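The structure file input31.pdb is reproduced below (PDB, C-alpha atoms).
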```
ATOM      1  CA  MET A  22     106.513 -19.974  11.562
ATOM      2  CA  SER A  23     104.524 -17.853  13.885
ATOM      3  CA  SER A  24     102.381 -16.491  11.082
ATOM      4  CA  SER A  25     101.448 -19.949   9.864
ATOM      5  CA  SER A  26     100.564 -21.131  13.370
ATOM      6  CA  SER A  27      98.340 -18.113  13.955
ATOM      7  CA  SER A  28      96.488 -18.719  10.691
ATOM      8  CA  ASP A  29      96.015 -22.373  11.635
ATOM      9  CA  SER A  30      94.535 -21.406  15.009
ATOM     10  CA  THR A  31      92.174 -18.919  13.345
ATOM     11  CA  ALA A  32      90.997 -21.545  10.890
ATOM     12  CA  LEU A  33      90.503 -23.994  13.771
ATOM     13  CA  GLU A  34      88.362 -21.467  15.674
ATOM     14  CA  GLU A  35      86.281 -20.803  12.580
ATOM     15  CA  ALA A  36      85.798 -24.542  12.042
ATOM     16  CA  LYS A  37      84.710 -24.990  15.664
ATOM     17  CA  PHE A  38      82.249 -22.075  15.394
ATOM     18  CA  ILE A  39      80.744 -23.373  12.149
ATOM     19  CA  GLY A  40      80.537 -26.861  13.601
ATOM     20  CA  SER A  41      78.692 -25.642  16.707
ATOM     21  CA  VAL A  42      76.239 -23.648  14.563
ATOM     22  CA  MET A  43      75.582 -26.692  12.378
ATOM     23  CA  ALA A  44      75.135 -28.914  15.429
ATOM     24  CA  LYS A  45      72.620 -26.484  16.974
ATOM     25  CA  THR A  46      70.765 -26.239  13.665
ATOM     26  CA  VAL A  47      70.498 -30.006  13.353
ATOM     27  CA  ALA A  48      69.355 -30.279  16.972
ATOM     28  CA  TYR A  49      66.731 -27.583  16.417
ATOM     29  CA  PHE A  50      65.227 -29.324  13.399
ATOM     30  CA  GLN A  51      65.321 -32.686  15.170
ATOM     31  CA  ASN A  52      63.381 -31.187  18.048
ATOM     32  CA  ARG A  53      60.867 -29.651  15.656
ATOM     33  CA  LEU A  54      60.419 -32.973  13.874
ATOM     34  CA  GLY A  55      59.974 -34.680  17.200
ATOM     35  CA  GLU A  56      57.319 -32.156  18.263
ATOM     36  CA  THR A  57      55.506 -32.603  14.950
ATOM     37  CA  SER A  58      55.535 -36.381  15.188
ATOM     38  CA  HIS A  59      54.395 -36.145  18.789
ATOM     39  CA  ALA A  60      51.551 -33.819  17.808
ATOM     40  CA  ARG A  61      50.516 -36.196  15.049
ATOM     41  CA  SER A  62      50.600 -39.090  17.463
ATOM     42  CA  LYS A  63      48.048 -37.397  19.731
ATOM     43  CA  PRO A  64      44.631 -39.011  19.512
ATOM     44  CA  ILE A  65      42.036 -37.233  17.384
ATOM     45  CA  LYS A  66      39.142 -35.763  19.323
ATOM     46  CA  SER A  67      36.539 -38.447  19.751
ATOM     47  CA  TRP A  68      33.101 -38.087  18.217
ATOM     48  CA  LEU A  69      30.480 -37.095  20.777
ATOM     49  CA  ARG A  70      27.393 -39.251  20.609
ATOM     50  CA  ARG A  71      24.673 -36.740  21.400
ATOM     51  CA  ASN A  72      21.681 -38.950  20.483
ATOM     52  CA  ARG A  73      19.803 -36.358  18.427
ATOM     53  CA  GLU A  74      16.581 -38.362  18.217
ATOM     54  CA  ALA A  75      16.366 -38.502  22.010
ATOM     55  CA  GLY A  76      16.517 -34.705  22.075
ATOM     56  CA  HIS A  77      13.711 -34.524  19.512
ATOM     57  CA  ASP A  78      11.551 -37.011  21.435
ATOM     58  CA  ARG A  79      12.045 -35.089  24.665
ATOM     59  CA  LEU A  80      11.089 -31.804  23.000
ATOM     60  CA  ILE A  81       7.908 -33.333  21.545
ATOM     61  CA  GLU A  82       6.988 -34.831  24.909
ATOM     62  CA  ASP A  83       7.484 -31.506  26.690
ATOM     63  CA  TYR A  84       5.660 -29.148  24.309
ATOM     64  CA  PHE A  85       4.017 -30.746  21.270
ATOM     65  CA  ALA A  86       2.452 -34.076  22.303
ATOM     66  CA  ASP A  87      -1.251 -34.479  23.049
ATOM     67  CA  ASP A  88      -0.486 -34.845  26.756
ATOM     68  CA  ASP A  89       2.549 -32.546  26.808
ATOM     69  CA  ILE A  90       3.994 -31.338  30.081
ATOM     70  CA  TYR A  91       4.512 -27.587  29.601
ATOM     71  CA  THR A  92       1.382 -26.466  27.740
ATOM     72  CA  VAL A  93       0.729 -23.576  30.098
ATOM     73  CA  LYS A  94       4.312 -22.284  29.739
ATOM     74  CA  PHE A  95       4.610 -22.515  25.953
ATOM     75  CA  ARG A  96       3.673 -18.917  25.175
ATOM     76  CA  ARG A  97       6.048 -17.474  27.790
ATOM     77  CA  ARG A  98       9.007 -19.601  26.712
ATOM     78  CA  PHE A  99       8.501 -19.381  22.942
ATOM     79  CA  ARG A 100       7.088 -15.818  22.884
ATOM     80  CA  MET A 101       4.211 -16.992  20.662
ATOM     81  CA  ARG A 102       1.299 -19.427  20.495
ATOM     82  CA  ASN A 103       1.832 -23.100  19.737
ATOM     83  CA  GLU A 104      -0.141 -22.879  16.470
ATOM     84  CA  LEU A 105       1.948 -19.969  15.190
ATOM     85  CA  PHE A 106       5.213 -21.702  15.969
ATOM     86  CA  LEU A 107       4.173 -24.889  14.170
ATOM     87  CA  ARG A 108       3.075 -22.833  11.151
ATOM     88  CA  ILE A 109       6.492 -21.156  11.027
ATOM     89  CA  VAL A 110       8.235 -24.523  11.300
ATOM     90  CA  GLY A 111       6.105 -25.886   8.445
ATOM     91  CA  ASP A 112       6.783 -22.876   6.216
ATOM     92  CA  LEU A 113      10.534 -23.082   6.732
ATOM     93  CA  GLU A 114      10.577 -26.844   6.262
ATOM     94  CA  ASP A 115       8.719 -26.566   2.941
ATOM     95  CA  ARG A 116      11.002 -23.891   1.493
ATOM     96  CA  PHE A 117      14.498 -24.506   2.859
ATOM     97  CA  PRO A 118      16.437 -27.798   2.761
ATOM     98  CA  TYR A 119      18.333 -26.821   5.915
ATOM     99  CA  PHE A 120      15.155 -27.146   8.011
ATOM    100  CA  GLN A 121      14.197 -30.534   6.578
ATOM    101  CA  TRP A 122      14.792 -33.724   8.544
ATOM    102  CA  LYS A 123      17.516 -35.560   6.643
ATOM    103  CA  ILE A 124      19.944 -38.448   7.109
ATOM    104  CA  ASP A 125      23.667 -37.618   7.041
ATOM    105  CA  ALA A 126      26.526 -39.398   5.281
ATOM    106  CA  ILE A 127      26.969 -42.020   8.005
ATOM    107  CA  ARG A 128      23.254 -42.903   7.942
ATOM    108  CA  ILE A 129      22.374 -41.075  11.160
ATOM    109  CA  LYS A 130      19.273 -38.912  11.365
ATOM    110  CA  GLY A 131      20.012 -35.229  11.725
ATOM    111  CA  PHE A 132      18.246 -32.633  13.834
ATOM    112  CA  SER A 133      14.527 -32.216  13.251
ATOM    113  CA  PRO A 134      12.952 -28.945  12.032
ATOM    114  CA  ILE A 135      11.349 -28.458  15.454
ATOM    115  CA  GLN A 136      14.715 -28.855  17.176
ATOM    116  CA  LYS A 137      16.393 -26.287  14.924
ATOM    117  CA  CYS A 138      13.593 -23.721  15.153
ATOM    118  CA  THR A 139      13.239 -24.166  18.921
ATOM    119  CA  ALA A 140      16.982 -23.706  19.420
ATOM    120  CA  ALA A 141      16.869 -20.476  17.404
ATOM    121  CA  ILE A 142      13.794 -19.154  19.232
ATOM    122  CA  ARG A 143      15.286 -19.907  22.653
ATOM    123  CA  GLN A 144      18.531 -18.190  21.709
ATOM    124  CA  LEU A 145      16.665 -15.098  20.515
ATOM    125  CA  ALA A 146      14.227 -15.067  23.437
ATOM    126  CA  TYR A 147      16.689 -15.562  26.274
ATOM    127  CA  GLY A 148      19.957 -14.273  24.814
ATOM    128  CA  MET A 149      22.059 -16.948  26.514
ATOM    129  CA  GLY A 150      25.241 -18.566  25.248
ATOM    130  CA  ALA A 151      24.962 -20.957  22.331
ATOM    131  CA  ASP A 152      26.317 -23.879  24.376
ATOM    132  CA  ARG A 153      23.644 -23.365  27.030
ATOM    133  CA  TRP A 154      21.211 -25.714  25.251
ATOM    134  CA  ASP A 155      23.550 -28.627  24.551
ATOM    135  CA  GLU A 156      22.081 -30.923  27.194
ATOM    136  CA  TYR A 157      18.477 -30.288  26.181
ATOM    137  CA  PHE A 158      18.604 -30.025  22.381
ATOM    138  CA  ARG A 159      21.695 -32.260  21.984
ATOM    139  CA  MET A 160      23.255 -29.589  19.758
ATOM    140  CA  SER A 161      26.797 -28.269  19.686
ATOM    141  CA  GLU A 162      27.557 -24.577  20.120
ATOM    142  CA  ARG A 163      28.374 -24.206  16.414
ATOM    143  CA  THR A 164      25.099 -25.855  15.371
ATOM    144  CA  VAL A 165      23.019 -23.587  17.621
ATOM    145  CA  ARG A 166      24.677 -20.470  16.198
ATOM    146  CA  GLU A 167      24.080 -21.783  12.692
ATOM    147  CA  CYS A 168      20.402 -22.389  13.506
ATOM    148  CA  VAL A 169      19.977 -18.800  14.676
ATOM    149  CA  TYR A 170      21.597 -17.403  11.522
ATOM    150  CA  LYS A 171      19.627 -19.639   9.152
ATOM    151  CA  PHE A 172      16.368 -19.044  11.046
ATOM    152  CA  CYS A 173      16.624 -15.232  10.952
ATOM    153  CA  LYS A 174      17.562 -15.227   7.270
ATOM    154  CA  ALA A 175      14.709 -17.597   6.390
ATOM    155  CA  ILE A 176      12.146 -15.562   8.370
ATOM    156  CA  CYS A 177      13.102 -12.403   6.471
ATOM    157  CA  LEU A 178      12.824 -14.195   3.125
ATOM    158  CA  VAL A 179       9.474 -15.844   3.867
ATOM    159  CA  TYR A 180       7.639 -13.097   5.777
ATOM    160  CA  GLY A 181       9.595  -9.958   4.934
ATOM    161  CA  GLN A 182       7.562  -8.931   1.922
ATOM    162  CA  ARG A 183       4.384  -8.997   3.980
ATOM    163  CA  TYR A 184       5.512  -7.648   7.342
ATOM    164  CA  LEU A 185       8.878  -5.903   6.949
ATOM    165  CA  ARG A 186       7.603  -3.153   4.676
ATOM    166  CA  LYS A 187       6.474   0.445   4.866
ATOM    167  CA  PRO A 188       2.765   1.336   4.898
ATOM    168  CA  THR A 189       1.027   1.856   1.594
ATOM    169  CA  MET A 190      -1.665   4.481   1.028
ATOM    170  CA  ASN A 191      -4.366   1.954   1.910
ATOM    171  CA  ASP A 192      -2.495   1.008   5.082
ATOM    172  CA  ILE A 193      -2.272   4.666   6.119
ATOM    173  CA  HIS A 194      -6.020   5.233   5.697
ATOM    174  CA  ARG A 195      -6.716   2.047   7.666
ATOM    175  CA  LEU A 196      -4.406   3.220  10.470
ATOM    176  CA  TYR A 197      -6.123   6.605  10.507
ATOM    177  CA  THR A 198      -9.561   5.022  10.783
ATOM    178  CA  VAL A 199      -8.626   2.594  13.560
ATOM    179  CA  HIS A 200      -6.728   5.141  15.650
ATOM    180  CA  GLU A 201      -9.471   7.708  15.394
ATOM    181  CA  GLY A 202     -12.158   5.212  16.342
ATOM    182  CA  LYS A 203     -10.223   3.594  19.183
ATOM    183  CA  HIS A 204      -8.065   6.402  20.596
ATOM    184  CA  VAL A 205      -9.922   9.509  19.310
ATOM    185  CA  PHE A 206      -6.741  10.735  17.611
ATOM    186  CA  PRO A 207      -7.567  11.642  13.989
ATOM    187  CA  GLU A 208      -4.837  11.165  11.362
ATOM    188  CA  MET A 209      -2.407   9.566  13.838
ATOM    189  CA  LEU A 210       0.024   7.184  12.131
ATOM    190  CA  GLY A 211       0.991   5.417  15.335
ATOM    191  CA  SER A 212       2.904   5.576  18.588
ATOM    192  CA  ILE A 213       6.681   5.918  18.417
ATOM    193  CA  ASP A 214       8.919   5.274  21.384
ATOM    194  CA  CYS A 215      12.311   3.939  22.398
ATOM    195  CA  MET A 216      12.956   1.005  24.707
ATOM    196  CA  TYR A 217      16.193   0.114  26.466
ATOM    197  CA  TRP A 218      17.107  -3.575  26.371
ATOM    198  CA  SER A 219      19.626  -4.852  28.895
ATOM    199  CA  TRP A 220      22.851  -6.197  27.420
ATOM    200  CA  SER A 221      24.458  -8.201  30.203
ATOM    201  CA  LEU A 222      27.023  -9.798  27.838
ATOM    202  CA  CYS A 223      28.268  -6.479  26.455
ATOM    203  CA  PRO A 224      32.053  -6.592  25.765
ATOM    204  CA  ASN A 225      34.071  -4.620  28.289
ATOM    205  CA  ALA A 226      35.561  -2.439  25.559
ATOM    206  CA  TRP A 227      32.060  -1.183  24.622
ATOM    207  CA  ARG A 228      30.501  -0.799  28.066
ATOM    208  CA  CYS A 229      31.088   2.947  28.391
ATOM    209  CA  GLN A 230      29.208   3.863  25.214
ATOM    210  CA  TYR A 231      26.248   1.625  26.134
ATOM    211  CA  MET A 232      25.843   2.883  29.706
ATOM    212  CA  ARG A 233      23.494   5.541  31.049
ATOM    213  CA  GLY A 234      23.341   7.007  34.501
ATOM    214  CA  ASP A 235      19.795   5.771  35.113
ATOM    215  CA  HIS A 236      20.612   2.164  34.108
ATOM    216  CA  LYS A 237      22.764  -0.209  36.137
ATOM    217  CA  GLU A 238      24.022  -2.235  33.166
ATOM    218  CA  PRO A 239      24.701  -1.684  29.439
ATOM    219  CA  THR A 240      21.632  -1.299  27.237
ATOM    220  CA  ILE A 241      20.776  -1.221  23.536
ATOM    221  CA  VAL A 242      18.042   1.067  22.224
ATOM    222  CA  ILE A 243      15.208  -0.120  19.999
ATOM    223  CA  GLU A 244      12.818   2.329  18.341
ATOM    224  CA  ALA A 245       9.609   0.811  17.040
ATOM    225  CA  ILE A 246       6.208   1.741  15.608
ATOM    226  CA  ALA A 247       3.409  -0.826  15.775
ATOM    227  CA  SER A 248      -0.205  -0.810  14.638
ATOM    228  CA  HIS A 249      -3.256  -1.981  16.586
ATOM    229  CA  ASP A 250      -2.904  -5.516  15.185
ATOM    230  CA  LEU A 251       0.764  -5.730  16.287
ATOM    231  CA  TRP A 252       2.149  -5.103  12.811
ATOM    232  CA  ILE A 253       5.570  -3.594  13.561
ATOM    233  CA  TRP A 254       6.120  -1.600  10.402
ATOM    234  CA  HIS A 255       9.173   0.269  11.675
ATOM    235  CA  ALA A 256      12.000  -0.983  13.884
ATOM    236  CA  PHE A 257      15.373   0.654  14.421
ATOM    237  CA  PHE A 258      17.607  -1.424  16.633
ATOM    238  CA  GLY A 259      21.172  -0.997  17.785
ATOM    239  CA  PRO A 260      22.008   2.593  18.868
ATOM    240  CA  ALA A 261      24.222   2.844  21.910
ATOM    241  CA  GLY A 262      22.402   2.868  25.221
ATOM    242  CA  ALA A 263      23.889   6.245  26.163
ATOM    243  CA  ASN A 264      21.503   7.931  23.685
ATOM    244  CA  ASN A 265      18.157   9.419  24.563
ATOM    245  CA  GLY A 266      15.055   9.437  22.376
ATOM    246  CA  ILE A 267      16.044  12.562  20.456
ATOM    247  CA  ASN A 268      19.531  11.258  19.666
ATOM    248  CA  VAL A 269      18.056   7.988  18.429
ATOM    249  CA  LEU A 270      15.558   9.865  16.255
ATOM    250  CA  ASP A 271      18.414  11.779  14.612
ATOM    251  CA  GLN A 272      19.870   8.435  13.463
ATOM    252  CA  SER A 273      16.572   6.705  12.691
ATOM    253  CA  PRO A 274      15.434   6.127   9.081
ATOM    254  CA  VAL A 275      11.759   6.660   9.952
ATOM    255  CA  PHE A 276      11.657  10.169   8.482
ATOM    256  CA  ASN A 277      14.042   9.628   5.574
ATOM    257  CA  ASP A 278      11.233   9.476   3.013
ATOM    258  CA  ILE A 279       9.912  12.802   4.268
ATOM    259  CA  TYR A 280      13.315  14.433   3.890
ATOM    260  CA  ILE A 281      13.794  13.200   0.326
ATOM    261  CA  GLY A 282      10.161  13.805  -0.702
ATOM    262  CA  LYS A 283       9.073  10.185  -1.196
ATOM    263  CA  SER A 284       6.466   9.972   1.563
ATOM    264  CA  HIS A 285       2.729   9.846   0.980
ATOM    265  CA  ASP A 286       0.859  13.135   1.238
ATOM    266  CA  VAL A 287      -2.241  12.639   3.360
ATOM    267  CA  HIS A 288      -3.791  16.008   4.156
ATOM    268  CA  PHE A 289      -5.710  16.668   7.354
ATOM    269  CA  GLN A 290      -6.713  19.620   9.511
ATOM    270  CA  ALA A 291      -6.266  20.191  13.221
ATOM    271  CA  ASN A 292      -7.051  23.389  15.134
ATOM    272  CA  GLU A 293      -7.903  25.099  11.839
ATOM    273  CA  MET A 294      -4.449  24.372  10.449
ATOM    274  CA  ALA A 295      -3.763  22.189   7.412
ATOM    275  CA  TYR A 296      -1.030  19.553   7.452
ATOM    276  CA  LYS A 297       0.294  17.404   4.636
ATOM    277  CA  ARG A 298       1.158  14.291   6.627
ATOM    278  CA  GLY A 299       0.062  12.415   9.683
ATOM    279  CA  TYR A 300       1.742  12.524  13.061
ATOM    280  CA  TYR A 301       3.092  10.132  15.670
ATOM    281  CA  LEU A 302       2.078  10.002  19.303
ATOM    282  CA  THR A 303       5.084  10.291  21.618
ATOM    283  CA  ASP A 304       5.832  10.627  25.315
ATOM    284  CA  GLY A 305       6.347  14.388  25.297
ATOM    285  CA  ILE A 306      10.137  14.743  25.141
ATOM    286  CA  TYR A 307      10.355  15.353  21.387
ATOM    287  CA  LEU A 308      10.040  18.645  19.576
ATOM    288  CA  PRO A 309       6.472  19.083  18.213
ATOM    289  CA  CYS A 310       7.709  20.220  14.793
ATOM    290  CA  LEU A 311       9.371  16.844  14.204
ATOM    291  CA  PHE A 312       6.093  14.969  14.068
ATOM    292  CA  LEU A 313       3.863  17.157  11.884
TER
END
```
How would this structure read if it were set down as structure tokens?
Amino acid sequence: MSSSSSSDSTALEEAKFIGSVMAKTVAYFQNRLGETSHARSKPIKSWLRRNREAGHDRLIEDYFADDDIYTVKFRRRFRMRNELFLRIVGDLEDRFPYFQWKIDAIRIKGFSPIQKCTAAIRQLAYGMGADRWDEYFRMSERTVRECVYKFCKAICLVYGQRYLRKPTMNDIHRLYTVHEGKHVFPEMLGSIDCMYWSWSLCPNAWRCQYMRGDHKEPTIVIEAIASHDLWIWHAFFGPAGANNGINVLDQSPVFNDIYIGKSHDVHFQANEMAYKRGYYLTDGIYLPCLFL
């Protein structure tokens, strides 16, 4: 009798335990279904009426109309002349559908080519956040970032073959002639130097490698070589700001062709010594043997 009663009590305890587990499981799924239905019942984010055409009209009135307001400040804010900017806008508009003024699926006019190019130029010139220009250009943060990406890619495709290239033999002789006549430096290929650009929005995890003792904030190094007509035929951008000129030169691709034997041989003599290639004018911190 006692054995049967004990087995009945054990079975009752097991039934209670299983019942409580099932009840908690049902309650859990009911709560999850309630949360899901509540989330679905939340209103969808409303569409923001930015009035794109008003942004275009304001931009034209400020910079591109016959009686525009900021004529004297155009070059400082766009980093170029008005005529050059409009030529770039026209070239991109002719070749890329993204920069053409189109009507979207709900019959609303999109952003104009001038709006897109101006947003990209401002982002590159000032380095501010993408949402900084929402009130002026009537563009969202995502659209401004997209404009910068599309603009840079289009510029490289349209002008890269002409400007982003290494000097040919004719270019080298022209550089020699100009530099000798203007600076009295025969067979000089150009001036090479490094600049330190402030990076105020540097991530905290990277700040140490982009800091130098003589700079108060993180910097990025750019190494460039430009000709007399502002043709930048070499640019090396991105080394950490803790580097000096020699460290940057060790990473730079400017002398790669010399190392692998693909550079042009242009012989000249200086101080009764013959050299196979031209040299670069520097600020005096580099080893002389690196530039001959």
Fill in: Residues in the PyMOL selection byres ((chain A and resi 145) around 12), expressed as number ranges by chain
A: 98-100, 138-144, 146-151, 165-166, 168-170, 172-173
Fill in: A:Met101, A:Ile81, A:Val269, A:Ile253 ranked by distance to A:Tyr157, top pick (using all atoms listed in the file)
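Distance minimum relative to A:Tyr157 lands on A:Ile81.
This file, filtered with the PyMOL selection byres ((chain A and resi 291) around 12), gives the residues Phe206, Pro207, Glu208, Met209, His288, Phe289, Gln290, Asn292, Glu293, Met294, Ala295, Tyr296, Lys297, Arg298, Gly299, Tyr300 and Leu313 of chain A.
Atom CA of A:Arg102 is found 27.9 Å from atom CA of A:Leu210.
A straight line drawn from atom CA of A:Trp220 to atom CA of A:Asp155 is 22.6 Å long.
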Residue by residue, what does the PyMOL selection byres ((chain A and resi 233) around 12) grab here? Present the result as a compact mmCIF listing (two decimals) with C-alpha atoms, in the frame of the given file.
```txt
# COMPACT_ATOMS: atom_id res chain seq x y z
CA TYR A 217 16.19 0.11 26.47
CA SER A 219 19.63 -4.85 28.90
CA ARG A 228 30.50 -0.80 28.07
CA CYS A 229 31.09 2.95 28.39
CA GLN A 230 29.21 3.86 25.21
CA TYR A 231 26.25 1.62 26.13
CA MET A 232 25.84 2.88 29.71
CA GLY A 234 23.34 7.01 34.50
CA ASP A 235 19.80 5.77 35.11
CA HIS A 236 20.61 2.16 34.11
CA LYS A 237 22.76 -0.21 36.14
CA GLU A 238 24.02 -2.24 33.17
CA PRO A 239 24.70 -1.68 29.44
CA THR A 240 21.63 -1.30 27.24
CA ILE A 241 20.78 -1.22 23.54
CA VAL A 242 18.04 1.07 22.22
CA ALA A 261 24.22 2.84 21.91
CA GLY A 262 22.40 2.87 25.22
CA ALA A 263 23.89 6.24 26.16
CA ASN A 264 21.50 7.93 23.68
CA ASN A 265 18.16 9.42 24.56
```
Discussion item. Quick check, in Å to one decimal: how far apart do atom CA of A:His77 and atom CA of A:Ile135 lie?
Written reply: 7.7 Å
Discussion item. If we count only C-alpha atoms and set the cut-off at 12 Å, which residues sit around A:Ser133, ignoring sequence neighbours fewer than 5 positions away in its own chain? Please answer as a list in words.
Written reply: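 My reading of the contact set: Arg73, Glu74, Ala75, Gly76, His77, Asp78, Leu80, Ile81, Val110, Gly111, Leu113, Glu114, Pro118, Tyr119, Phe120, Gln121, Trp122, Lys123, Ile124, Cys138, Thr139, Ala140, Phe158, Arg159, Met160 and Cys168 of chain A.
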Practice prompt. Determine the nearest neighbour of A:Asp214 from the options A:Asn103, A:Asn277, A:Thr303, A:Thr92, counting only C-alpha atoms.
Written response: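 Ranked by minimum distance to A:Asp214, first place goes to A:Thr303.
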Can you check which parts of stretch 152-215 of chain A lie within 8 Å of stretch 247-251 of chain A? Per residue, the shortest pair of atoms and distance in Å to one decimal, counting all atoms listed in the file, sorted by chain and number, as a tab-separated table.
```
residue	atom	partner	partner_atom	distance
A:Leu196	CA	A:Ser248	CA	7.2
A:Val199	CA	A:His249	CA	7.7
A:His200	CA	A:His249	CA	8.0
A:Gly211	CA	A:Ser248	CA	6.4
A:Ser212	CA	A:Ala247	CA	7.0
A:Ile213	CA	A:Ala247	CA	7.9
```
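Between A:Val287 and the candidates A:Ile193, A:Leu222, A:Leu270, A:Met216, the tightest atom-to-atom separation, counting all atoms listed in the file, involves A:Ile193.
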